[in-house]
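What follows is the content of run.csv, which has CSV, C-alpha atoms:
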```
chain,number,residue,atom,x,y,z
A,1,MET,CA,-221.7,119.1,124.9
A,2,ASN,CA,-222.1,116.0,127.0
A,3,SER,CA,-221.1,115.5,130.6
A,4,THR,CA,-217.8,113.9,129.7
A,5,ALA,CA,-216.7,117.0,127.8
A,6,ILE,CA,-218.0,119.3,130.6
A,7,ILE,CA,-216.0,117.4,133.2
A,8,ILE,CA,-212.8,117.3,131.2
A,9,ASN,CA,-213.0,121.0,130.2
A,10,GLY,CA,-213.9,122.0,133.8
A,11,LEU,CA,-210.8,120.1,134.9
A,12,ALA,CA,-208.6,121.8,132.3
A,13,VAL,CA,-209.9,125.2,133.3
A,14,ALA,CA,-209.4,124.6,137.0
A,15,ALA,CA,-205.9,123.3,136.4
A,16,LEU,CA,-205.1,126.3,134.2
A,17,ILE,CA,-206.3,128.8,136.8
A,18,TRP,CA,-204.3,126.9,139.5
A,19,ALA,CA,-201.3,126.9,137.3
A,20,LEU,CA,-201.5,130.5,136.3
A,21,VAL,CA,-201.8,131.6,140.0
A,22,GLY,CA,-199.0,129.3,141.0
A,23,ASP,CA,-196.3,130.0,138.3
A,24,ARG,CA,-197.2,132.0,135.3
A,25,GLU,CA,-194.0,131.2,133.4
A,26,LYS,CA,-194.4,127.4,133.9
A,27,ALA,CA,-198.1,127.6,133.0
A,28,ARG,CA,-197.2,129.4,129.8
A,29,ALA,CA,-194.6,126.8,128.9
A,30,GLY,CA,-197.1,124.0,129.6
A,31,LEU,CA,-199.7,125.6,127.5
A,32,ARG,CA,-197.3,126.1,124.6
A,33,LYS,CA,-196.4,122.4,124.8
A,34,GLY,CA,-200.1,121.4,124.9
A,35,LEU,CA,-200.8,123.5,121.9
A,36,GLN,CA,-197.9,122.0,120.1
A,37,VAL,CA,-199.2,118.5,120.7
A,38,MET,CA,-202.6,119.5,119.6
A,39,MET,CA,-201.4,120.9,116.3
A,40,GLY,CA,-199.3,117.8,115.9
A,41,ILE,CA,-202.3,115.4,116.1
A,42,ALA,CA,-204.9,117.7,114.5
A,43,PRO,CA,-204.4,116.6,110.8
A,44,VAL,CA,-204.3,112.8,111.6
A,45,THR,CA,-207.4,113.3,113.8
A,46,LEU,CA,-209.3,114.8,110.9
A,47,LEU,CA,-208.5,111.7,108.9
A,48,VAL,CA,-209.7,109.5,111.7
A,49,VAL,CA,-212.9,111.6,111.9
A,50,ALA,CA,-213.6,110.9,108.3
A,51,VAL,CA,-212.9,107.2,108.5
A,52,VAL,CA,-215.0,106.7,111.7
A,53,GLY,CA,-218.0,108.3,110.1
A,54,ILE,CA,-217.7,106.2,107.0
A,55,VAL,CA,-217.4,103.0,109.0
A,56,LEU,CA,-220.3,103.9,111.2
A,57,ALA,CA,-222.4,104.5,108.1
A,58,PHE,CA,-221.7,101.0,106.8
A,59,ILE,CA,-221.8,99.2,110.1
A,60,PRO,CA,-224.7,100.8,112.0
A,61,ALA,CA,-225.7,99.8,115.5
A,62,GLU,CA,-228.5,97.6,114.2
A,63,THR,CA,-226.0,95.5,112.3
A,64,VAL,CA,-223.8,95.2,115.4
A,65,GLY,CA,-226.9,94.0,117.4
A,66,LEU,CA,-227.7,91.5,114.8
A,67,VAL,CA,-224.2,90.0,114.6
A,68,LEU,CA,-223.9,89.9,118.4
A,69,GLY,CA,-227.3,88.3,118.8
A,70,GLU,CA,-226.7,85.5,116.4
A,71,GLY,CA,-223.1,85.0,117.3
A,72,ALA,CA,-222.3,81.9,119.3
A,73,GLY,CA,-219.2,79.8,120.0
A,74,PHE,CA,-215.7,80.8,119.0
A,75,THR,CA,-216.6,82.3,115.6
A,76,GLY,CA,-219.3,84.4,117.3
A,77,VAL,CA,-216.7,85.7,119.8
A,78,LEU,CA,-214.2,86.5,116.9
A,79,ALA,CA,-216.8,88.4,114.9
A,80,ALA,CA,-217.9,90.4,117.9
A,81,LEU,CA,-214.2,91.1,118.7
A,82,GLY,CA,-213.6,92.4,115.2
A,83,LEU,CA,-216.8,94.6,115.3
A,84,GLY,CA,-215.8,96.1,118.6
A,85,ALA,CA,-212.4,97.0,117.3
A,86,LEU,CA,-213.8,98.5,114.1
A,87,VAL,CA,-216.7,100.6,115.2
A,88,HIS,CA,-216.4,103.7,117.3
A,89,MET,CA,-219.3,104.0,119.7
A,90,PRO,CA,-219.6,105.8,123.0
A,91,ALA,CA,-220.2,103.6,126.0
A,92,LEU,CA,-223.5,105.3,126.5
A,93,LEU,CA,-224.6,103.6,123.3
A,94,GLY,CA,-222.6,100.4,123.3
A,95,PHE,CA,-223.6,99.1,126.7
A,96,PRO,CA,-227.3,99.5,126.3
A,97,LEU,CA,-227.0,97.7,123.0
A,98,ALA,CA,-225.0,94.9,124.5
A,99,GLY,CA,-227.5,94.7,127.4
A,100,LYS,CA,-230.4,94.3,124.9
A,101,VAL,CA,-228.6,91.6,123.1
A,102,LEU,CA,-228.0,89.7,126.3
A,103,GLN,CA,-231.6,90.1,127.4
A,104,ASN,CA,-232.8,88.7,124.1
A,105,GLY,CA,-230.9,85.5,124.7
A,106,GLY,CA,-227.6,86.4,123.2
A,107,SER,CA,-224.6,84.5,124.6
A,108,PRO,CA,-222.3,86.3,127.0
A,109,GLY,CA,-219.1,85.4,125.2
A,110,PRO,CA,-219.7,87.6,122.1
A,111,VAL,CA,-221.2,90.3,124.2
A,112,ALA,CA,-218.2,90.4,126.4
A,113,ALA,CA,-215.9,90.3,123.4
A,114,PHE,CA,-217.7,93.2,121.9
A,115,ILE,CA,-217.7,95.6,124.8
A,116,THR,CA,-214.1,94.7,125.7
A,117,SER,CA,-212.7,95.3,122.3
A,118,LEU,CA,-215.0,98.3,121.8
A,119,THR,CA,-213.5,100.1,124.8
A,120,MET,CA,-210.0,98.8,124.5
A,121,ILE,CA,-209.1,98.7,120.8
A,122,GLY,CA,-209.7,101.3,118.2
A,123,VAL,CA,-208.4,100.2,114.8
A,124,PHE,CA,-209.1,103.6,113.3
A,125,THR,CA,-207.7,105.6,116.1
A,126,ILE,CA,-204.4,103.8,115.7
A,127,PRO,CA,-202.9,106.6,113.6
A,128,MET,CA,-203.6,109.0,116.5
A,129,GLU,CA,-202.1,106.6,119.0
A,130,ILE,CA,-199.0,106.1,116.9
A,131,LYS,CA,-198.5,109.8,116.6
A,132,ILE,CA,-198.7,110.3,120.3
A,133,LEU,CA,-197.3,107.1,121.8
A,134,GLY,CA,-195.1,105.7,119.1
A,135,ARG,CA,-195.4,102.8,116.7
A,136,ARG,CA,-194.0,100.0,118.9
A,137,PHE,CA,-196.0,100.7,121.9
A,138,THR,CA,-199.2,101.2,119.9
A,139,LEU,CA,-198.9,97.9,118.0
A,140,ALA,CA,-197.9,96.0,121.1
A,141,ARG,CA,-200.8,97.5,123.1
A,142,ASN,CA,-203.4,96.8,120.5
A,143,LEU,CA,-202.3,93.2,119.8
A,144,VAL,CA,-202.0,92.3,123.4
A,145,SER,CA,-205.4,94.0,124.1
A,146,ALA,CA,-206.9,91.9,121.4
A,147,ALA,CA,-205.6,88.7,123.0
A,148,LEU,CA,-206.8,90.0,126.3
A,149,ALA,CA,-210.3,90.7,125.0
A,150,LEU,CA,-210.4,87.2,123.4
A,151,SER,CA,-209.3,85.5,126.7
A,152,ILE,CA,-211.9,87.5,128.7
A,153,ALA,CA,-214.6,86.7,126.2
A,154,VAL,CA,-213.9,83.0,126.2
A,155,LEU,CA,-213.7,82.8,130.0
A,156,MET,CA,-216.9,84.8,130.2
A,157,GLY,CA,-218.6,82.3,128.0
A,158,VAL,CA,-217.6,79.6,130.5
A,159,LEU,CA,-218.2,81.5,133.7
A,160,VAL,CA,-221.4,83.5,133.1
B,1,MET,CA,-186.3,125.4,119.0
B,2,ASN,CA,-187.3,125.6,115.4
B,3,GLY,CA,-190.3,124.3,113.6
B,4,GLU,CA,-188.9,121.0,112.6
B,5,SER,CA,-187.4,119.9,115.9
B,6,LYS,CA,-189.2,117.6,118.2
B,7,SER,CA,-191.5,119.2,120.7
B,8,PRO,CA,-189.8,118.8,124.1
B,9,GLY,CA,-190.1,115.2,125.2
B,10,THR,CA,-193.5,114.3,123.8
B,11,GLY,CA,-192.2,113.2,120.5
B,12,VAL,CA,-195.4,114.6,118.9
B,13,GLU,CA,-193.9,116.5,116.1
B,14,ALA,CA,-195.8,119.2,114.5
B,15,PRO,CA,-196.2,117.9,111.0
B,16,LYS,CA,-194.8,119.9,108.1
B,17,ARG,CA,-197.6,122.3,107.0
B,18,SER,CA,-197.8,120.6,103.6
B,19,LYS,CA,-198.2,117.2,105.2
B,20,GLY,CA,-200.9,118.5,107.6
B,21,LEU,CA,-202.8,120.0,104.7
B,22,LEU,CA,-202.5,116.8,102.7
B,23,LEU,CA,-204.0,114.8,105.6
B,24,ALA,CA,-206.9,117.2,106.0
B,25,PHE,CA,-207.4,117.2,102.3
B,26,ALA,CA,-207.5,113.4,102.3
B,27,ALA,CA,-210.1,113.5,105.0
B,28,LEU,CA,-212.3,115.7,102.8
B,29,VAL,CA,-211.7,113.5,99.8
B,30,LEU,CA,-212.7,110.4,101.7
B,31,ILE,CA,-215.9,111.9,103.0
B,32,GLY,CA,-216.7,113.5,99.6
B,33,GLY,CA,-215.9,110.4,97.6
B,34,PHE,CA,-217.9,108.0,99.8
B,35,SER,CA,-220.8,110.4,99.9
B,36,LEU,CA,-220.9,110.6,96.1
B,37,ALA,CA,-220.4,106.9,95.6
B,38,PHE,CA,-223.0,105.8,98.1
B,39,PRO,CA,-225.7,108.6,98.0
B,40,ASP,CA,-228.0,106.6,100.3
B,41,LYS,CA,-225.3,106.6,103.0
B,42,ARG,CA,-224.5,110.2,102.7
B,43,ALA,CA,-226.6,111.3,105.6
B,44,ALA,CA,-225.2,108.6,107.9
B,45,ILE,CA,-221.6,109.4,106.9
B,46,LEU,CA,-222.1,113.1,107.6
B,47,GLU,CA,-223.9,112.4,110.9
B,48,GLY,CA,-221.2,109.9,112.0
B,49,SER,CA,-218.3,112.1,111.1
B,50,GLY,CA,-220.0,115.2,112.4
B,51,GLY,CA,-220.8,113.6,115.7
B,52,PHE,CA,-217.2,112.4,116.2
B,53,LEU,CA,-215.8,115.7,115.1
B,54,ARG,CA,-217.9,117.5,117.7
B,55,GLU,CA,-216.7,115.0,120.4
B,56,VAL,CA,-213.1,115.4,119.4
B,57,VAL,CA,-213.2,119.2,119.3
B,58,PHE,CA,-214.7,119.4,122.8
B,59,ILE,CA,-212.3,116.9,124.3
B,60,LEU,CA,-208.9,117.0,122.7
B,61,PRO,CA,-207.9,120.6,123.4
B,62,ALA,CA,-208.8,120.3,127.1
B,63,VAL,CA,-206.8,117.1,127.3
B,64,CYS,CA,-203.8,118.7,125.6
B,65,VAL,CA,-204.0,121.6,128.1
B,66,LEU,CA,-204.0,119.1,131.0
B,67,MET,CA,-201.1,117.2,129.4
B,68,GLY,CA,-199.0,120.4,128.9
B,69,LEU,CA,-199.6,121.6,132.5
B,70,PHE,CA,-198.8,118.1,133.9
B,71,GLY,CA,-195.5,118.2,132.0
B,72,ALA,CA,-194.6,121.6,133.3
B,73,PHE,CA,-195.6,121.2,136.9
B,74,VAL,CA,-195.1,117.6,137.9
B,75,SER,CA,-191.6,116.6,138.7
B,76,LYS,CA,-189.9,113.7,137.0
B,77,ASP,CA,-188.6,112.4,140.3
B,78,LEU,CA,-192.1,112.0,141.7
B,79,VAL,CA,-193.5,110.1,138.7
B,80,MET,CA,-190.4,107.9,138.4
B,81,ARG,CA,-190.6,107.0,142.1
B,82,ILE,CA,-194.3,106.1,142.1
B,83,LEU,CA,-194.7,104.8,138.5
B,84,GLY,CA,-191.2,104.0,137.4
B,85,LYS,CA,-189.2,100.8,137.1
B,86,SER,CA,-188.9,100.3,140.9
B,87,SER,CA,-192.5,101.1,141.7
B,88,GLY,CA,-193.5,97.4,141.8
B,89,TRP,CA,-197.0,96.4,142.6
B,90,LYS,CA,-197.8,99.7,144.2
B,91,GLY,CA,-197.1,101.4,140.9
B,92,ALA,CA,-199.3,98.9,139.0
B,93,LEU,CA,-202.1,99.5,141.5
B,94,LEU,CA,-201.7,103.2,141.2
B,95,SER,CA,-201.8,103.1,137.4
B,96,ILE,CA,-205.0,101.1,137.5
B,97,GLY,CA,-206.4,103.6,140.0
B,98,LEU,CA,-205.4,106.6,138.0
B,99,GLY,CA,-207.0,105.2,134.9
B,100,SER,CA,-210.2,104.2,136.6
B,101,LEU,CA,-211.1,107.6,137.9
B,102,PRO,CA,-211.8,109.6,134.8
B,103,THR,CA,-214.3,109.4,132.1
B,104,GLY,CA,-214.0,109.9,128.4
B,105,PRO,CA,-212.9,108.0,125.3
B,106,LEU,CA,-209.6,106.2,125.2
B,107,TYR,CA,-208.0,108.5,122.7
B,108,ALA,CA,-208.3,111.2,125.3
B,109,ALA,CA,-205.9,109.2,127.5
B,110,PHE,CA,-203.1,109.0,124.9
B,111,PRO,CA,-201.6,112.4,125.5
B,112,LEU,CA,-201.8,111.9,129.3
B,113,ALA,CA,-200.1,108.5,128.9
B,114,ALA,CA,-197.4,110.1,126.8
B,115,ALA,CA,-196.9,112.8,129.6
B,116,LEU,CA,-196.6,110.1,132.2
B,117,ARG,CA,-194.1,108.1,130.1
B,118,GLU,CA,-192.0,111.2,129.4
B,119,LYS,CA,-191.7,111.7,133.2
B,120,GLY,CA,-190.4,108.2,133.6
B,121,ALA,CA,-193.4,105.9,134.2
B,122,ARG,CA,-192.6,102.3,133.0
B,123,SER,CA,-194.3,100.9,130.0
B,124,ALA,CA,-196.2,98.3,132.0
B,125,ASN,CA,-197.8,101.0,134.0
B,126,ILE,CA,-198.6,103.0,130.9
B,127,PHE,CA,-200.4,99.9,129.6
B,128,LEU,CA,-202.3,99.4,132.8
B,129,PHE,CA,-203.3,103.1,132.9
B,130,LEU,CA,-204.7,102.9,129.4
B,131,THR,CA,-206.4,99.5,130.0
B,132,ALA,CA,-208.0,100.8,133.2
B,133,TRP,CA,-209.1,103.9,131.3
B,134,ALA,CA,-210.6,101.8,128.6
B,135,CYS,CA,-212.2,99.0,130.6
B,136,ILE,CA,-212.3,99.7,134.3
B,137,LYS,CA,-213.2,103.4,134.6
B,138,LEU,CA,-215.9,103.9,137.2
B,139,PRO,CA,-218.6,105.7,135.2
B,140,GLN,CA,-218.5,102.9,132.6
B,141,GLU,CA,-218.6,100.2,135.2
B,142,LEU,CA,-221.8,101.7,136.5
B,143,LEU,CA,-223.2,101.6,132.9
B,144,GLU,CA,-222.3,98.0,132.7
B,145,LEU,CA,-223.9,97.2,136.1
B,146,ARG,CA,-227.1,98.8,134.9
B,147,PHE,CA,-227.3,97.3,131.5
B,148,LEU,CA,-225.5,93.9,131.8
B,149,GLY,CA,-226.2,93.1,135.5
B,150,PRO,CA,-223.9,92.7,138.5
B,151,ARG,CA,-222.8,89.2,137.8
B,152,PHE,CA,-221.6,90.0,134.3
B,153,MET,CA,-220.0,93.2,135.3
B,154,LEU,CA,-218.2,91.7,138.4
B,155,ILE,CA,-216.8,88.7,136.6
B,156,ARG,CA,-215.6,90.7,133.6
B,157,LEU,CA,-214.0,93.3,135.9
B,158,ALA,CA,-212.2,90.5,137.8
B,159,LEU,CA,-211.0,88.9,134.6
B,160,THR,CA,-209.8,92.2,133.2
B,161,VAL,CA,-207.7,93.1,136.2
B,162,ALA,CA,-206.3,89.6,136.6
B,163,LEU,CA,-205.3,89.3,133.0
B,164,ALA,CA,-204.2,92.9,132.4
B,165,VAL,CA,-201.3,92.7,134.8
B,166,PRO,CA,-199.4,89.9,133.1
B,167,ALA,CA,-200.3,91.4,129.7
B,168,ALA,CA,-198.8,94.7,130.8
B,169,PHE,CA,-195.4,93.1,131.6
B,170,LEU,CA,-195.6,91.3,128.2
B,171,VAL,CA,-196.0,94.6,126.5
B,172,GLU,CA,-193.2,96.2,128.5
B,173,ARG,CA,-190.8,93.4,127.7
B,174,TYR,CA,-191.5,93.8,124.0
B,175,VAL,CA,-191.3,97.5,123.9
B,176,ASP,CA,-188.2,97.8,126.1
B,177,SER,CA,-186.4,95.0,124.3
B,178,VAL,CA,-186.9,96.6,120.9
B,179,ALA,CA,-186.2,100.1,122.2
B,180,SER,CA,-182.9,99.0,123.8
B,181,ARG,CA,-181.7,97.3,120.6
B,182,SER,CA,-182.2,100.1,118.2
B,183,GLU,CA,-182.3,103.8,118.1
B,184,PRO,CA,-184.6,105.6,120.6
B,185,GLU,CA,-187.5,105.9,118.3
B,186,SER,CA,-190.0,105.7,121.0
B,187,PRO,CA,-191.1,109.3,121.4
B,188,ALA,CA,-191.3,110.1,125.1
B,189,THR,CA,-188.4,108.1,126.5
B,190,SER,CA,-186.0,110.8,127.7
B,191,ASN,CA,-186.2,114.4,128.5
B,192,GLY,CA,-186.5,115.2,124.9
B,193,LYS,CA,-183.1,116.8,124.7
B,194,GLU,CA,-181.5,113.7,123.3
B,195,MET,CA,-178.8,114.3,120.8
B,196,ARG,CA,-180.4,114.4,117.4
B,197,PRO,CA,-178.6,115.5,114.4
```

Written as structure tokens, how would this file's structure read?
Amino acid sequence: MNSTAIIINGLAVAALIWALVGDREKARAGLRKGLQVMMGIAPVTLLVVAVVGIVLAFIPAETVGLVLGEGAGFTGVLAALGLGALVHMPALLGFPLAGKVLQNGGSPGPVAAFITSLTMIGVFTIPMEIKILGRRFTLARNLVSAALALSIAVLMGVLV
Amino acid sequence: MNGESKSPGTGVEAPKRSKGLLLAFAALVLIGGFSLAFPDKRAAILEGSGGFLREVVFILPAVCVLMGLFGAFVSKDLVMRILGKSSGWKGALLSIGLGSLPTGPLYAAFPLAAALREKGARSANIFLFLTAWACIKLPQELLELRFLGPRFMLIRLALTVALAVPAAFLVERYVDSVASRSEPESPATSNGKEMRP
């Protein structure tokens, strides 16, 4: 269990105790709803888990580093953007990788594209997002985020 | 409330049991199929999926508890006032602030975003909350500072904030325009007691 999980679970336990002390009935209703949501997203989450593992096996971190390092110009930015949207990698892994690429002379555009789309867009978590936030919002958010990541990366290439 | 009705307000329906089983089965088939077809990748697939499963199992239940409690205890008036249609730039700033504080993967923010929207937060602010959670959250900025340097981190941060705000209103315009034209498909728009046949 990493620190993120500890923090979130600690927060949930604290909130739960506070809620139970404050208003047992409301707390129970809230828990029931939380459970309902969890059961609602559990099956699609399993599917996402399978796909994420498969993608990670075929696009390992070394491949990402290679593509980022050699990427330059607009096509480099686009490739990095696509990779970031496809792979699922915790920030604790992604940022050191991006840093290494930059130190080895990689250009800032693709590196910025990669970390921005890595954190903002998850192609394979889209089914979960749709289930929770609805189709329209999900599609709009992901498309606009891709445009955002692209703009940020292009400007980073100019500015850094 | 029976099994097939919408859960109150969230729009996250519990899938019919058969559909849920089918999805779970599909996950197993995918992993099994790829492991058999690419024996040299089997270890990597199991490790990748296993790692992600562990992460999800430790994070999602807690997030769902938080979401449920938020829904039960926080008043709709409050959220509407500070994050709703008339919240203006203060609401936008607050959304970015709220999203920047936590840590954790983006998918953990989806249930919380749904809870905020159910309580009347405007779509632009939901987008800003999610974008901040993805890109601006403090623990991650510290990682970026450490591995990519202050110059890279500060310029990217400034660009993200500057561009995310107009992007948020673009998303809102699209989402709201479509939503007002057709049936209220978007899950968490109302109090969940909308008339559904």

Within 8 Å of region 126-131 of chain A using all atoms listed in the file, minus same-chain residues under 5 positions, as a PyMOL selection string: (chain A and resi 41+44-45+48+137-138) or (chain B and resi 12+107+110)

Straight-line distance linking CA of Gly99 (chain A) with CA of Val158 (chain A), stated in Å to one decimal: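 Interatomic distance, CA of Gly99 (chain A) to CA of Val158 (chain A): 18.3 Å.
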
Which of B:Leu148, B:Val178, B:Ile126, B:Ile31 sits closest to Pro111 (chain B) [using all atoms listed in the file]: B:Ile126

Report as a Markdown table the residues of chain B within 6 Å of chain A, each with its shortest atom pair and distance in Å (one decimal), using all atoms listed in the file, ordered by chain and increasing residue number.
```
| residue | atom | partner | partner_atom | distance |
| --- | --- | --- | --- | --- |
| B:Val12 | CA | A:Ile132 | CA | 5.6 |
| B:Glu13 | CA | A:Gly40 | CA | 5.6 |
| B:Ala14 | CA | A:Gly40 | CA | 4.0 |
| B:Pro15 | CA | A:Gly40 | CA | 5.8 |
| B:Gly20 | CA | A:Pro43 | CA | 5.1 |
| B:Leu23 | CA | A:Pro43 | CA | 5.5 |
| B:Ala24 | CA | A:Pro43 | CA | 5.4 |
| B:Ala27 | CA | A:Leu47 | CA | 4.6 |
| B:Ile31 | CA | A:Ala50 | CA | 5.9 |
| B:Ala44 | CA | A:Ala57 | CA | 5.0 |
| B:Ile45 | CA | A:Gly53 | CA | 4.9 |
| B:Gly48 | CA | A:Gly53 | CA | 4.1 |
| B:Ser49 | CA | A:Gly53 | CA | 3.9 |
| B:Leu53 | CA | A:Val49 | CA | 6.0 |
| B:Phe58 | CA | A:Ala5 | CA | 5.9 |
| B:Ile59 | CA | A:Ala5 | CA | 5.6 |
| B:Ala62 | CA | A:Asn9 | CA | 5.3 |
| B:Cys64 | CA | A:Gly34 | CA | 4.6 |
| B:Val65 | CA | A:Gly34 | CA | 5.0 |
| B:Leu66 | CA | A:Ala12 | CA | 5.5 |
| B:Gly68 | CA | A:Gly30 | CA | 4.1 |
| B:Leu69 | CA | A:Gly30 | CA | 4.5 |
| B:Ala72 | CA | A:Gly30 | CA | 5.1 |
| B:Gly104 | CA | A:Thr4 | CA | 5.7 |
| B:Ala114 | CA | A:Leu133 | CA | 5.8 |
| B:Ala134 | CA | A:Thr119 | CA | 5.1 |
| B:Phe147 | CA | A:Gly99 | CA | 4.9 |
| B:Leu148 | CA | A:Gly99 | CA | 4.9 |
| B:Val171 | CA | A:Ala140 | CA | 5.9 |
| B:Ser186 | CA | A:Gly134 | CA | 5.4 |
| B:Pro187 | CA | A:Gly134 | CA | 5.9 |
```

Proximity to Val57 (chain B) - best of B:Ala108, B:Ala26, B:Val74, B:Ile82, all atoms listed in the file: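 Distance minimum relative to Val57 (chain B) lands on B:Ala108.
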
For CA of Trp133 (chain B) and CA of Ala92 (chain B), the interatomic separation in Å (one decimal):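 Between CA of Trp133 (chain B) and CA of Ala92 (chain B) the gap works out to 13.4 Å.
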
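Between CA of Ser95 (chain B) and CA of Phe129 (chain B) the separation is 4.7 Å.
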
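Among the candidates A:Leu78, A:Ser107, A:Gly73, A:Val87, the residue lying nearest to Ala61 (chain A) is A:Val87 (atoms considered: all atoms listed in the file).
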